[in-house]
Structure formats: C-alpha cells, structure tokens
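Participant: Input file: protein-v9.tsv. Contents: TSV, C-alpha atoms.
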```
chain	number	residue	atom	x	y	z
A	2	MET	CA	-80.30	-59.30	69.57
A	3	GLN	CA	-82.14	-61.08	66.78
A	4	GLY	CA	-85.66	-60.10	65.99
A	5	LYS	CA	-85.38	-56.56	67.31
A	6	ASP	CA	-86.84	-53.85	65.17
A	7	LYS	CA	-88.62	-50.58	65.61
A	8	THR	CA	-91.77	-52.30	66.83
A	9	ASP	CA	-89.80	-53.13	69.96
A	10	SER	CA	-90.23	-49.73	71.54
A	11	PHE	CA	-93.04	-49.66	74.07
A	12	THR	CA	-94.35	-46.14	74.00
A	13	ILE	CA	-97.18	-44.69	76.02
A	14	ALA	CA	-98.10	-41.04	75.52
A	15	GLY	CA	-94.75	-40.42	73.85
A	16	LYS	CA	-92.68	-41.95	76.64
A	17	ASP	CA	-90.58	-45.02	75.86
A	18	PHE	CA	-90.33	-47.91	78.27
A	19	ALA	CA	-87.96	-50.84	78.14
A	20	SER	CA	-90.14	-53.24	80.12
A	21	ARG	CA	-93.56	-54.43	79.04
A	22	LEU	CA	-94.29	-55.88	82.47
A	23	LEU	CA	-96.04	-53.49	84.83
A	24	LEU	CA	-96.21	-54.63	88.43
A	25	GLY	CA	-98.40	-53.77	91.39
A	26	THR	CA	-96.91	-53.15	94.82
A	27	SER	CA	-99.60	-54.60	97.05
A	28	GLY	CA	-99.95	-57.78	99.06
A	29	TYR	CA	-96.35	-59.01	99.21
A	30	PRO	CA	-95.23	-60.91	102.31
A	31	ASN	CA	-93.05	-57.96	103.25
A	32	ARG	CA	-91.44	-54.87	101.86
A	33	GLN	CA	-88.13	-56.52	101.00
A	34	VAL	CA	-89.82	-59.28	99.02
A	35	MET	CA	-91.71	-56.60	97.10
A	36	LEU	CA	-88.52	-54.74	96.27
A	37	ASP	CA	-86.80	-57.97	95.20
A	38	ALA	CA	-89.80	-59.00	93.10
A	39	LEU	CA	-90.01	-55.66	91.32
A	40	LYS	CA	-86.35	-55.99	90.50
A	41	ALA	CA	-86.61	-59.61	89.37
A	42	GLY	CA	-89.56	-58.71	87.17
A	43	GLY	CA	-87.62	-55.91	85.56
A	44	ALA	CA	-90.64	-53.66	85.96
A	45	GLU	CA	-90.29	-50.01	85.09
A	46	ILE	CA	-93.85	-48.89	85.73
A	47	VAL	CA	-95.26	-49.84	89.12
A	48	THR	CA	-98.70	-49.02	90.46
A	49	VAL	CA	-99.50	-47.39	93.79
A	50	SER	CA	-102.75	-46.39	95.45
A	51	VAL	CA	-103.86	-43.12	97.00
A	52	ARG	CA	-105.35	-43.44	100.45
A	53	ARG	CA	-106.15	-41.36	103.46
A	54	ILE	CA	-103.18	-41.22	105.78
A	55	SER	CA	-103.73	-43.09	108.95
A	56	LEU	CA	-103.92	-40.40	111.55
A	57	GLU	CA	-102.29	-42.70	114.09
A	58	ASP	CA	-99.56	-44.12	111.95
A	59	TYR	CA	-97.62	-41.91	109.63
A	60	ALA	CA	-95.59	-44.59	107.89
A	61	GLU	CA	-92.79	-44.48	105.35
A	62	SER	CA	-93.86	-43.12	101.99
A	63	MET	CA	-93.98	-45.25	98.84
A	64	VAL	CA	-92.49	-42.29	97.05
A	65	ASP	CA	-89.40	-42.36	99.22
A	66	LEU	CA	-89.19	-46.12	98.84
A	67	LEU	CA	-89.71	-46.40	95.07
A	68	GLY	CA	-89.75	-42.93	93.61
A	69	GLY	CA	-86.23	-42.78	92.24
A	70	ALA	CA	-86.13	-46.23	90.70
A	71	TYR	CA	-89.58	-46.62	89.13
A	72	HIS	CA	-92.18	-44.76	87.14
A	73	LEU	CA	-94.96	-44.65	89.73
A	74	LEU	CA	-98.44	-45.02	88.28
A	75	PRO	CA	-101.09	-44.02	90.82
A	76	ASN	CA	-104.42	-45.77	90.61
A	77	THR	CA	-107.94	-44.85	91.62
A	78	ALA	CA	-108.61	-48.37	92.91
A	79	GLY	CA	-111.82	-48.86	94.79
A	80	CYS	CA	-113.53	-45.71	93.54
A	81	GLU	CA	-117.16	-46.27	92.70
A	82	THR	CA	-118.15	-42.79	91.54
A	83	GLN	CA	-116.76	-40.42	88.96
A	84	ARG	CA	-116.41	-37.77	91.62
A	85	ASP	CA	-114.22	-39.95	93.85
A	86	ALA	CA	-112.15	-41.23	90.94
A	87	VAL	CA	-111.55	-37.77	89.52
A	88	LEU	CA	-110.66	-36.31	92.93
A	89	THR	CA	-108.33	-39.24	93.61
A	90	ALA	CA	-106.62	-38.62	90.27
A	91	HIS	CA	-106.18	-34.97	91.14
A	92	LEU	CA	-104.80	-35.84	94.58
A	93	ALA	CA	-102.40	-38.31	92.95
A	94	ARG	CA	-101.25	-35.65	90.51
A	95	GLU	CA	-100.52	-33.33	93.41
A	96	ALA	CA	-98.87	-36.02	95.55
A	97	LEU	CA	-96.66	-37.39	92.80
A	98	ASP	CA	-96.42	-34.44	90.48
A	99	THR	CA	-97.50	-36.70	87.64
A	100	PRO	CA	-100.38	-36.46	85.17
A	101	TRP	CA	-100.35	-40.25	84.73
A	102	VAL	CA	-103.22	-42.20	86.26
A	103	LYS	CA	-104.51	-45.74	86.15
A	104	LEU	CA	-108.19	-44.95	86.13
A	105	GLU	CA	-110.22	-47.55	87.95
A	106	LEU	CA	-113.93	-47.09	88.47
A	107	ILE	CA	-115.58	-50.19	89.75
A	108	GLY	CA	-119.22	-51.03	89.31
A	109	ASP	CA	-119.55	-53.20	92.38
A	110	ARG	CA	-117.36	-54.42	95.17
A	111	GLU	CA	-118.03	-58.08	94.68
A	112	THR	CA	-117.02	-58.53	91.05
A	113	LEU	CA	-114.78	-55.43	90.92
A	114	TYR	CA	-115.92	-55.13	87.33
A	115	PRO	CA	-115.37	-51.73	85.75
A	116	ASP	CA	-118.39	-49.47	85.31
A	117	GLY	CA	-117.96	-48.74	81.61
A	118	GLU	CA	-120.36	-45.84	81.43
A	119	GLN	CA	-118.86	-43.90	84.33
A	120	LEU	CA	-115.35	-44.88	83.26
A	121	VAL	CA	-115.68	-43.27	79.83
A	122	GLN	CA	-117.10	-40.09	81.33
A	123	ALA	CA	-114.40	-39.84	84.00
A	124	ALA	CA	-111.69	-40.59	81.43
A	125	GLU	CA	-112.99	-37.81	79.20
A	126	ALA	CA	-112.98	-35.31	82.08
A	127	LEU	CA	-109.45	-36.25	83.13
A	128	VAL	CA	-108.06	-36.15	79.58
A	129	LYS	CA	-109.53	-32.65	79.19
A	130	ASP	CA	-107.77	-31.74	82.43
A	131	GLY	CA	-104.41	-32.80	81.01
A	132	PHE	CA	-104.14	-36.26	82.52
A	133	ILE	CA	-102.52	-39.23	80.81
A	134	VAL	CA	-105.26	-41.74	81.41
A	135	LEU	CA	-104.74	-45.50	81.42
A	136	PRO	CA	-108.15	-46.96	82.14
A	137	TYR	CA	-108.73	-50.39	83.66
A	138	CYS	CA	-111.69	-51.61	81.64
A	139	SER	CA	-113.68	-54.65	80.64
A	140	ASP	CA	-112.66	-56.72	77.61
A	141	ASP	CA	-115.42	-55.09	75.60
A	142	PRO	CA	-114.21	-53.76	72.23
A	143	ILE	CA	-116.82	-51.01	72.21
A	144	VAL	CA	-115.95	-49.72	75.67
A	145	CYS	CA	-112.29	-49.78	74.65
A	146	GLN	CA	-113.08	-47.85	71.50
A	147	LYS	CA	-114.97	-45.22	73.46
A	148	LEU	CA	-112.04	-44.86	75.86
A	149	ILE	CA	-109.70	-44.43	72.90
A	150	ASP	CA	-112.07	-41.89	71.33
A	151	VAL	CA	-112.02	-39.70	74.44
A	152	GLY	CA	-108.23	-39.64	74.37
A	153	CYS	CA	-106.94	-42.36	76.67
A	154	ALA	CA	-103.22	-43.02	76.24
A	155	ALA	CA	-103.73	-46.78	76.49
A	156	VAL	CA	-106.52	-49.20	77.28
A	157	MET	CA	-106.17	-51.86	79.94
A	158	PRO	CA	-108.80	-54.56	79.54
A	159	LEU	CA	-109.07	-57.27	82.16
A	160	GLY	CA	-108.19	-60.84	81.33
A	161	ALA	CA	-110.34	-62.06	84.22
A	162	PRO	CA	-111.62	-60.54	87.46
A	163	ILE	CA	-109.05	-58.83	89.68
A	164	GLY	CA	-107.12	-61.30	91.79
A	165	SER	CA	-108.89	-64.30	90.27
A	166	GLY	CA	-105.82	-65.77	88.56
A	167	MET	CA	-108.03	-67.23	85.82
A	168	GLY	CA	-105.91	-65.87	83.02
A	169	VAL	CA	-107.28	-64.55	79.75
A	170	CYS	CA	-110.87	-65.75	79.76
A	171	ASN	CA	-111.83	-64.30	76.41
A	172	PRO	CA	-108.77	-64.39	74.19
A	173	TYR	CA	-110.88	-63.57	71.12
A	174	ASN	CA	-111.97	-60.26	72.59
A	175	ILE	CA	-108.45	-59.36	73.67
A	176	ALA	CA	-107.12	-60.16	70.18
A	177	LEU	CA	-109.92	-58.12	68.61
A	178	ILE	CA	-109.24	-55.14	70.87
A	179	CYS	CA	-105.52	-55.35	70.08
A	180	SER	CA	-106.13	-55.53	66.34
A	181	ARG	CA	-108.27	-52.38	66.38
A	182	SER	CA	-106.48	-50.20	68.91
A	183	PRO	CA	-104.23	-47.33	67.85
A	184	VAL	CA	-102.99	-47.03	71.45
A	185	PRO	CA	-101.17	-49.67	73.51
A	186	VAL	CA	-103.35	-52.42	74.95
A	187	ILE	CA	-102.14	-53.54	78.37
A	188	LEU	CA	-103.76	-56.61	79.83
A	189	ASP	CA	-104.64	-55.70	83.40
A	190	ALA	CA	-106.00	-58.17	85.94
A	191	GLY	CA	-106.68	-61.87	85.98
A	192	ILE	CA	-103.18	-63.19	85.30
A	193	GLY	CA	-102.47	-66.33	87.33
A	194	THR	CA	-99.21	-67.68	86.00
A	195	ALA	CA	-96.56	-67.15	83.36
A	196	SER	CA	-98.41	-68.80	80.48
A	197	ASP	CA	-101.31	-66.35	80.96
A	198	ALA	CA	-98.95	-63.42	80.53
A	199	ALA	CA	-97.33	-65.04	77.50
A	200	LEU	CA	-100.76	-65.63	75.94
A	201	ALA	CA	-101.76	-62.01	76.48
A	202	MET	CA	-98.64	-60.89	74.64
A	203	GLU	CA	-99.16	-63.43	71.85
A	204	LEU	CA	-102.66	-62.05	71.37
A	205	GLY	CA	-101.10	-58.69	70.60
A	206	CYS	CA	-100.99	-56.87	73.90
A	207	ALA	CA	-98.29	-54.26	74.27
A	208	GLY	CA	-97.82	-55.03	77.94
A	209	VAL	CA	-99.18	-56.82	80.97
A	210	LEU	CA	-100.02	-55.34	84.36
A	211	LEU	CA	-100.28	-57.77	87.23
A	212	ASN	CA	-99.96	-57.84	90.98
A	213	THR	CA	-101.56	-60.73	92.85
A	214	ALA	CA	-100.05	-63.47	90.66
A	215	VAL	CA	-96.61	-62.38	91.84
A	216	ALA	CA	-97.35	-61.02	95.30
A	217	LYS	CA	-99.26	-64.10	96.44
A	218	ALA	CA	-97.12	-66.71	94.71
A	219	GLN	CA	-95.27	-69.00	97.10
A	220	ASP	CA	-92.04	-67.48	95.82
A	221	PRO	CA	-92.90	-63.99	94.58
A	222	VAL	CA	-89.39	-63.16	93.42
A	223	ARG	CA	-89.19	-66.28	91.30
A	224	MET	CA	-92.66	-65.71	89.87
A	225	ALA	CA	-91.71	-62.14	88.99
A	226	ALA	CA	-88.75	-63.48	87.04
A	227	ALA	CA	-91.06	-65.98	85.35
A	228	MET	CA	-93.44	-63.18	84.35
A	229	ARG	CA	-90.58	-61.18	82.93
A	230	HIS	CA	-89.56	-64.08	80.70
A	231	ALA	CA	-93.18	-64.85	79.79
A	232	VAL	CA	-93.91	-61.29	78.69
A	233	GLU	CA	-90.71	-61.14	76.70
A	234	GLY	CA	-91.28	-64.63	75.23
A	235	GLY	CA	-94.88	-63.90	74.31
A	236	TYR	CA	-93.92	-60.64	72.71
A	237	GLN	CA	-91.16	-62.21	70.64
A	238	ALA	CA	-93.44	-65.07	69.59
A	239	ARG	CA	-96.12	-62.63	68.52
A	240	HIS	CA	-93.72	-60.77	66.29
A	241	ALA	CA	-91.90	-63.87	65.06
A	242	GLY	CA	-95.12	-64.91	63.31
A	243	ARG	CA	-96.42	-68.24	64.51
A	244	ILE	CA	-97.32	-71.13	62.21
A	245	PRO	CA	-100.98	-71.60	61.48
A	246	LYS	CA	-102.78	-74.26	63.47
A	247	ARG	CA	-103.79	-77.34	61.45
A	248	ALA	CA	-105.92	-80.31	62.36
A	249	TYR	CA	-103.59	-83.03	61.08
A	250	ALA	CA	-99.92	-83.91	61.31
A	251	GLU	CA	-97.31	-82.63	58.94
A	252	ALA	CA	-93.97	-84.42	59.18
A	253	SER	CA	-91.06	-82.25	60.06
A	254	SER	CA	-88.36	-84.73	59.03
A	255	PRO	CA	-87.63	-85.30	55.30
A	256	GLN	CA	-89.81	-87.99	53.72
A	257	LEU	CA	-87.21	-89.10	51.13
A	258	GLY	CA	-84.43	-91.60	51.90
A	259	LEU	CA	-86.23	-93.31	54.69
A	260	ILE	CA	-84.62	-96.75	55.25
A	261	GLY	CA	-86.67	-99.86	54.64
A	262	THR	CA	-88.62	-98.33	51.75
B	16	MET	CA	-108.67	-26.42	123.05
B	17	THR	CA	-109.40	-22.84	122.11
B	18	ALA	CA	-112.30	-21.93	119.90
B	19	SER	CA	-111.42	-19.33	117.29
B	20	MET	CA	-114.52	-17.32	118.19
B	21	PRO	CA	-114.69	-15.88	121.71
B	22	LEU	CA	-118.48	-16.00	122.05
B	23	ALA	CA	-120.19	-19.06	123.44
B	24	LYS	CA	-121.76	-20.93	120.56
B	25	PRO	CA	-121.80	-24.52	119.35
B	26	ALA	CA	-118.27	-25.81	118.92
B	27	GLU	CA	-117.02	-25.45	115.40
B	28	THR	CA	-115.81	-28.65	113.83
B	29	ILE	CA	-114.15	-29.86	110.68
B	30	ARG	CA	-113.90	-33.35	109.30
B	31	VAL	CA	-110.43	-34.71	108.65
B	32	ASN	CA	-110.34	-37.92	106.63
B	33	GLY	CA	-113.90	-38.57	107.68
B	34	GLU	CA	-113.40	-37.95	111.40
B	35	ALA	CA	-114.79	-34.93	113.21
B	36	ARG	CA	-112.27	-32.67	114.92
B	37	PRO	CA	-112.67	-29.32	116.63
B	38	LEU	CA	-111.78	-26.41	114.41
B	39	GLU	CA	-108.64	-24.76	115.72
B	40	SER	CA	-106.97	-21.57	114.64
B	41	GLY	CA	-103.99	-21.55	112.35
B	42	GLY	CA	-105.62	-23.08	109.29
B	43	LEU	CA	-104.12	-25.98	107.36
B	44	PRO	CA	-100.53	-25.52	108.60
B	45	ALA	CA	-101.67	-25.83	112.23
B	46	LEU	CA	-103.78	-28.86	111.40
B	47	LEU	CA	-100.82	-30.62	109.79
B	48	ARG	CA	-98.63	-29.72	112.76
B	49	GLY	CA	-101.25	-31.05	115.13
B	50	LEU	CA	-101.33	-34.33	113.21
B	51	GLU	CA	-97.52	-34.46	113.23
B	52	ILE	CA	-97.45	-34.45	109.45
B	53	ASP	CA	-94.31	-33.01	107.93
B	54	PRO	CA	-95.60	-30.62	105.25
B	55	ALA	CA	-92.37	-31.11	103.32
B	56	ALA	CA	-92.81	-34.91	103.09
B	57	ARG	CA	-93.03	-36.25	99.55
B	58	GLY	CA	-96.12	-37.94	98.24
B	59	LEU	CA	-98.69	-36.05	100.25
B	60	ALA	CA	-101.77	-34.31	98.94
B	61	VAL	CA	-104.58	-32.36	100.54
B	62	ALA	CA	-108.09	-31.56	99.40
B	63	VAL	CA	-110.57	-29.27	101.11
B	64	ASN	CA	-114.23	-29.69	100.26
B	65	GLY	CA	-113.48	-31.81	97.24
B	66	ALA	CA	-110.85	-29.59	95.67
B	67	VAL	CA	-107.13	-30.20	95.76
B	68	VAL	CA	-105.11	-27.53	97.54
B	69	ARG	CA	-101.75	-27.18	95.85
B	70	ARG	CA	-98.80	-27.55	98.19
B	71	VAL	CA	-97.63	-24.02	97.46
B	72	ASP	CA	-100.95	-22.79	98.84
B	73	TRP	CA	-100.95	-24.82	102.06
B	74	ALA	CA	-99.37	-22.10	104.15
B	75	GLU	CA	-102.14	-19.65	103.26
B	76	THR	CA	-105.06	-22.06	103.56
B	77	THR	CA	-107.55	-21.25	106.28
B	78	LEU	CA	-110.19	-23.67	107.49
B	79	ASN	CA	-113.78	-22.94	108.36
B	80	ASP	CA	-116.52	-24.59	110.33
B	81	GLY	CA	-117.82	-27.63	108.50
B	82	ASP	CA	-114.90	-28.00	106.11
B	83	ALA	CA	-114.07	-31.51	104.94
B	84	VAL	CA	-110.34	-32.07	104.69
B	85	GLU	CA	-108.78	-35.07	102.98
B	86	ILE	CA	-105.12	-35.79	103.57
B	87	VAL	CA	-103.78	-38.61	101.45
B	88	LYS	CA	-100.55	-40.27	100.57
B	89	LEU	CA	-99.40	-43.11	98.38
B	90	PHE	CA	-99.71	-46.68	99.53
B	91	ALA	CA	-99.10	-50.02	97.95
B	92	GLY	CA	-101.52	-50.66	95.12
B	93	GLY	CA	-102.27	-52.84	92.14
```
Could you write out this structure as structure tokens?
Facilitator:
Amino acid sequence: MQGKDKTDSFTIAGKDFASRLLLGTSGYPNRQVMLDALKAGGAEIVTVSVRRISLEDYAESMVDLLGGAYHLLPNTAGCETQRDAVLTAHLAREALDTPWVKLELIGDRETLYPDGEQLVQAAEALVKDGFIVLPYCSDDPIVCQKLIDVGCAAVMPLGAPIGSGMGVCNPYNIALICSRSPVPVILDAGIGTASDAALAMELGCAGVLLNTAVAKAQDPVRMAAAMRHAVEGGYQARHAGRIPKRAYAEASSPQLGLIGT
Amino acid sequence: MTASMPLAKPAETIRVNGEARPLESGGLPALLRGLEIDPAARGLAVAVNGAVVRRVDWAETTLNDGDAVEIVKLFAGG
C-alpha cells in the first residue's frame, strides 16, 4: 500500500498494534451490536471496567466474551481517589492477568474532568509497581509532560468532556502535546463523529479511544466503520503532509493557453 | 447460621462488596461457595481490607470479624 513506512507501526510499551482505533464496550443497544461494532471498527484494544459483582446476578464475563479476540484494557473509571484507582488497577491486574491499565481519576462527577494532581501521583505509584499506565488526562501539556516523566506508556488527553460528543475543543493544545510527546498520544473522550476522529489524527495523535460516539449512534456498526476509516484517513493525511493554508485562491488549472485571451 | 465462636457474644460480621454479612467458617472459599461464585471463573478478583488476594492464595484465605471483602469482575466500560 502506498504511503506505508516504518512510522506506520503503532507501538505502546513495546507492543505493536495494527489498529489505531480503541473502542469502549459500554452502552450499546445490546451485546450483539457491540460485538458487530467492535468488528466493524477493526478495534484491537477495547476497554472494560472493573466493578463489584452483583451478588444477585452472576452474569457472563467480559473476559469470556472478548478475551480471545481483543486486547482488553481495564479502566479505573469513576474512581475519585488515588486509593480506589490504585486498588482497582491491582484488581484488574489480578482479574485479567495484565499490567495494562487505563488510569482514570476523576475530579468531580459532574464534569468527569481528570484530577491532574492525583492522577500523576497514582500513575507514578502504578508505574513503580510494574503497571503499563495509559492515563486519561486533560489536554494540558504540563500535566501530560508530568505523566510522561513518571513513566506512563502513553498519554490520553480528552478532546472534550466524556460523552459530550463535542469533538476536539482545543486542537492547538492537542497538536502541542503531540509535538512534544515521546510516547503515543491517544485522544480519549469527546469524539462525536468521524471528522472529530480524523482531526485528532491529523493533529498528530497516534490513536483515538472512543465509546459513546459509536455505542449511542443510531447505527453503531456503521458509525464504527466510519470511525475506522476516519482514523485511518486522518493518519494518512497527517503523514502525507498537507498543503499550507492560504488566505487567497491559487488556480489549480494551468494559466497558459486559456481560450479567448 | 453457625457462629465460628461457641460463646455467646455479638455476632461477627464481614462486609462483602459493601454489604454486611455474618462471618461464617470456611474462609474465602466458603464465602465464594455461598455466593455461588465459581472460583475458577475467568476475570474475577478479590481484595480483603484493601489488598488484592492472589487467586493462588484464595484456598488458604481466612476471614475475620470486620473484614471488608471486595469481589469484582470485568464489565463493559469506556
């Protein structure tokens, strides 16, 4: 395929992935639609949560459903303290036998914004404990740098608040973070439609993690396919080298030999 | 239900996923049996008092009055 070169490998913590689209598994109309959407999106890494078992209902395990086909990335969604997030990561490591964790440490339940201070401290503790930490963070270049400094395997800044579908609200920050980061930058949260995912990739992101935009679309399977193409298209455009923007027209057809002159 | 101690004293309890339960004999394996949780099921994890108990240690794990047990598994997530 044209345009492929060594920059095409998507590597996190030494592991290569073929797909730059990471998908969540929550909120689909039903289990079959989720499975079809994950397939249509071509996702390789999919996120799962760690929750108390319902003592009344011991339902089918996500591991049995997805474990063979996908790289399961457990999250610490909803945790508001370092203690809870770190324990959840440890429980996930035991449950899945994986050191990988999407570290989420929210500052408040209304905005679901990450608590940068606690996030950096929890990330540092988990890295020291041998975890491969992928933190969900704000689009703040300094917070991202601190997360990189403590050894995170990637940084995952939000494009917009979780589930908002507002896209990449501060493309300048995302581009700045991408330009400075030695680890993959994965845009996590805020994606609403395909063009948002394409923009994130054009800004230099190594991947996009999304859930609601697909799960709550009227046709989740079709939207997953759209996201797959958008991520691929945005990535190729980024590395094809776009033309500079200019304020005035520049004719694309030859100016010589025009009839009537 | 049978208290593990024969003498009359306040009932011993543990908390399992935030809910109080009487402490019964048999430790963690008996608790899992009582909850009809297959200890061989994939994707399960247990913590007691904030520390993960490795699966290989479940069979030997005893429980004491006041222990807080968390039993988790993987669910859908974003």
Participant: With all atoms listed in the file as the basis for distance, which of A:Gln219, A:Thr213, A:Thr112, A:Thr82 is at the shortest distance from chain B?
Facilitator: A:Thr213
Participant: Report as CSV: every residue of chain B with an atom at most 9 Å from chain A, its closest pair of atoms, and their distance in Å to one decimal, counting all atoms listed in the file, with rows sorted by chain and ascending residue number.
Facilitator:
```
residue,atom,partner,partner_atom,distance
B:Asn32,CA,A:Arg53,CA,6.3
B:Leu50,CA,A:Leu56,CA,6.8
B:Glu51,CA,A:Tyr59,CA,8.3
B:Ile52,CA,A:Tyr59,CA,7.5
B:Ala56,CA,A:Ser62,CA,8.3
B:Arg57,CA,A:Val64,CA,6.6
B:Gly58,CA,A:Ala96,CA,4.3
B:Leu59,CA,A:Ala96,CA,4.7
B:Ala60,CA,A:Ala96,CA,4.8
B:Val61,CA,A:Leu92,CA,6.9
B:Ala62,CA,A:Leu92,CA,7.2
B:Gly65,CA,A:Leu88,CA,6.8
B:Ala66,CA,A:Leu88,CA,7.3
B:Val67,CA,A:Leu92,CA,6.2
B:Val68,CA,A:Glu95,CA,8.5
B:Arg69,CA,A:Glu95,CA,6.7
B:Arg70,CA,A:Glu95,CA,7.7
B:Glu85,CA,A:Arg53,CA,6.8
B:Ile86,CA,A:Arg53,CA,5.7
B:Val87,CA,A:Arg53,CA,4.1
B:Lys88,CA,A:Val51,CA,5.6
B:Leu89,CA,A:Val51,CA,4.7
B:Phe90,CA,A:Ser50,CA,5.1
B:Ala91,CA,A:Ser27,CA,4.7
B:Gly92,CA,A:Val49,CA,4.1
B:Gly93,CA,A:Gly25,CA,4.1
```
Participant: For the residues selected in the previous step, produce a file with C-alpha atoms as a PDB file, in the coordinates of the input.
Facilitator:
```
ATOM      1  CA  ASN B  32    -110.340 -37.920 106.630  1.00  0.00           C
ATOM      2  CA  LEU B  50    -101.330 -34.330 113.210  1.00  0.00           C
ATOM      3  CA  GLU B  51     -97.520 -34.460 113.230  1.00  0.00           C
ATOM      4  CA  ILE B  52     -97.450 -34.450 109.450  1.00  0.00           C
ATOM      5  CA  ALA B  56     -92.810 -34.910 103.090  1.00  0.00           C
ATOM      6  CA  ARG B  57     -93.030 -36.250  99.550  1.00  0.00           C
ATOM      7  CA  GLY B  58     -96.120 -37.940  98.240  1.00  0.00           C
ATOM      8  CA  LEU B  59     -98.690 -36.050 100.250  1.00  0.00           C
ATOM      9  CA  ALA B  60    -101.770 -34.310  98.940  1.00  0.00           C
ATOM     10  CA  VAL B  61    -104.580 -32.360 100.540  1.00  0.00           C
ATOM     11  CA  ALA B  62    -108.090 -31.560  99.400  1.00  0.00           C
ATOM     12  CA  GLY B  65    -113.480 -31.810  97.240  1.00  0.00           C
ATOM     13  CA  ALA B  66    -110.850 -29.590  95.670  1.00  0.00           C
ATOM     14  CA  VAL B  67    -107.130 -30.200  95.760  1.00  0.00           C
ATOM     15  CA  VAL B  68    -105.110 -27.530  97.540  1.00  0.00           C
ATOM     16  CA  ARG B  69    -101.750 -27.180  95.850  1.00  0.00           C
ATOM     17  CA  ARG B  70     -98.800 -27.550  98.190  1.00  0.00           C
ATOM     18  CA  GLU B  85    -108.780 -35.070 102.980  1.00  0.00           C
ATOM     19  CA  ILE B  86    -105.120 -35.790 103.570  1.00  0.00           C
ATOM     20  CA  VAL B  87    -103.780 -38.610 101.450  1.00  0.00           C
ATOM     21  CA  LYS B  88    -100.550 -40.270 100.570  1.00  0.00           C
ATOM     22  CA  LEU B  89     -99.400 -43.110  98.380  1.00  0.00           C
ATOM     23  CA  PHE B  90     -99.710 -46.680  99.530  1.00  0.00           C
ATOM     24  CA  ALA B  91     -99.100 -50.020  97.950  1.00  0.00           C
ATOM     25  CA  GLY B  92    -101.520 -50.660  95.120  1.00  0.00           C
ATOM     26  CA  GLY B  93    -102.270 -52.840  92.140  1.00  0.00           C
TER      27      GLY B  93
END
```
Participant: In Å, rounded to a single decimal, give me how far atom CA of A:Ala216 is from atom CA of A:Leu66.
Facilitator: 17.4 Å
Participant: Please, what distance in Å, to one decimal, runs between atom CA of A:Gln83 and atom CA of A:Asp109?
Facilitator: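 Going from atom CA of A:Gln83 over to atom CA of A:Asp109, I get 13.5 Å.
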Participant: Hey, what's within 10 Å of B:Glu34 if we count only C-alpha atoms and toss same-chain stuff fewer than 4 positions away? As JSON, numbers by chain, please?
Facilitator: {"A": [56], "B": [28, 29, 30, 83, 84]}
Participant: Which residues come within 7 Å of stretch 122-135 of chain A, counting all atoms listed in the file, excluding same-chain residues fewer than 4 positions away, as a list in words?
Facilitator: Gln83, Val87, Pro100, Trp101, Val102, Lys103, Leu104, Glu118, Val151, Gly152, Cys153, Ala154, Ala155, Val156 and Met157 of chain A
Participant: To one decimal place, how far is atom CA of A:Gly108 from atom CA of A:Ser139 in Å?
Facilitator: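 Those two atoms sit 10.9 Å apart.
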Participant: Neighbours of A:Cys170 within 12 Å (all atoms listed in the file; same-chain residues fewer than 3 positions away dropped), as a list of chain:residue names?
Facilitator: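 Here the qualifying residues turn out to be A:Ser139, A:Asp140, A:Pro158, A:Leu159, A:Gly160, A:Ala161, A:Pro162, A:Ser165, A:Gly166, A:Met167, A:Tyr173, A:Asn174, A:Ile175, A:Ala176, A:Leu188, A:Ala190, A:Gly191, A:Ile192, A:Gly193, A:Asp197, A:Leu200, A:Ala201.
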Participant: With all atoms listed in the file as the atoms that count, which of A:Tyr137, A:Tyr71, A:Phe11, A:Phe18 lies nearest to A:Glu105?
Facilitator: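 Ranking A:Tyr137, A:Tyr71, A:Phe11, A:Phe18 by distance to A:Glu105, first place goes to A:Tyr137.
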Participant: Would you kindly return, as a list in words, each protein, DNA or RNA residue with an atom no farther than 10 Å from any atom of B:Gly42, considering all atoms listed in the file and excluding same-chain residues fewer than 6 positions away?
Facilitator: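 Returned residues: Trp73, Ala74, Glu75, Thr76, Thr77, Leu78 and Asn79 of chain B.
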Participant: Would you list the contacts of stretch 41-43 of chain A as a ChimeraX atom specification, taking every protein, DNA or RNA residue within 8 Å and counting all atoms listed in the file, but skipping same-chain residues closer than 3 positions in sequence?
Facilitator: /A:20,22,24,37-38,222-223,225-229
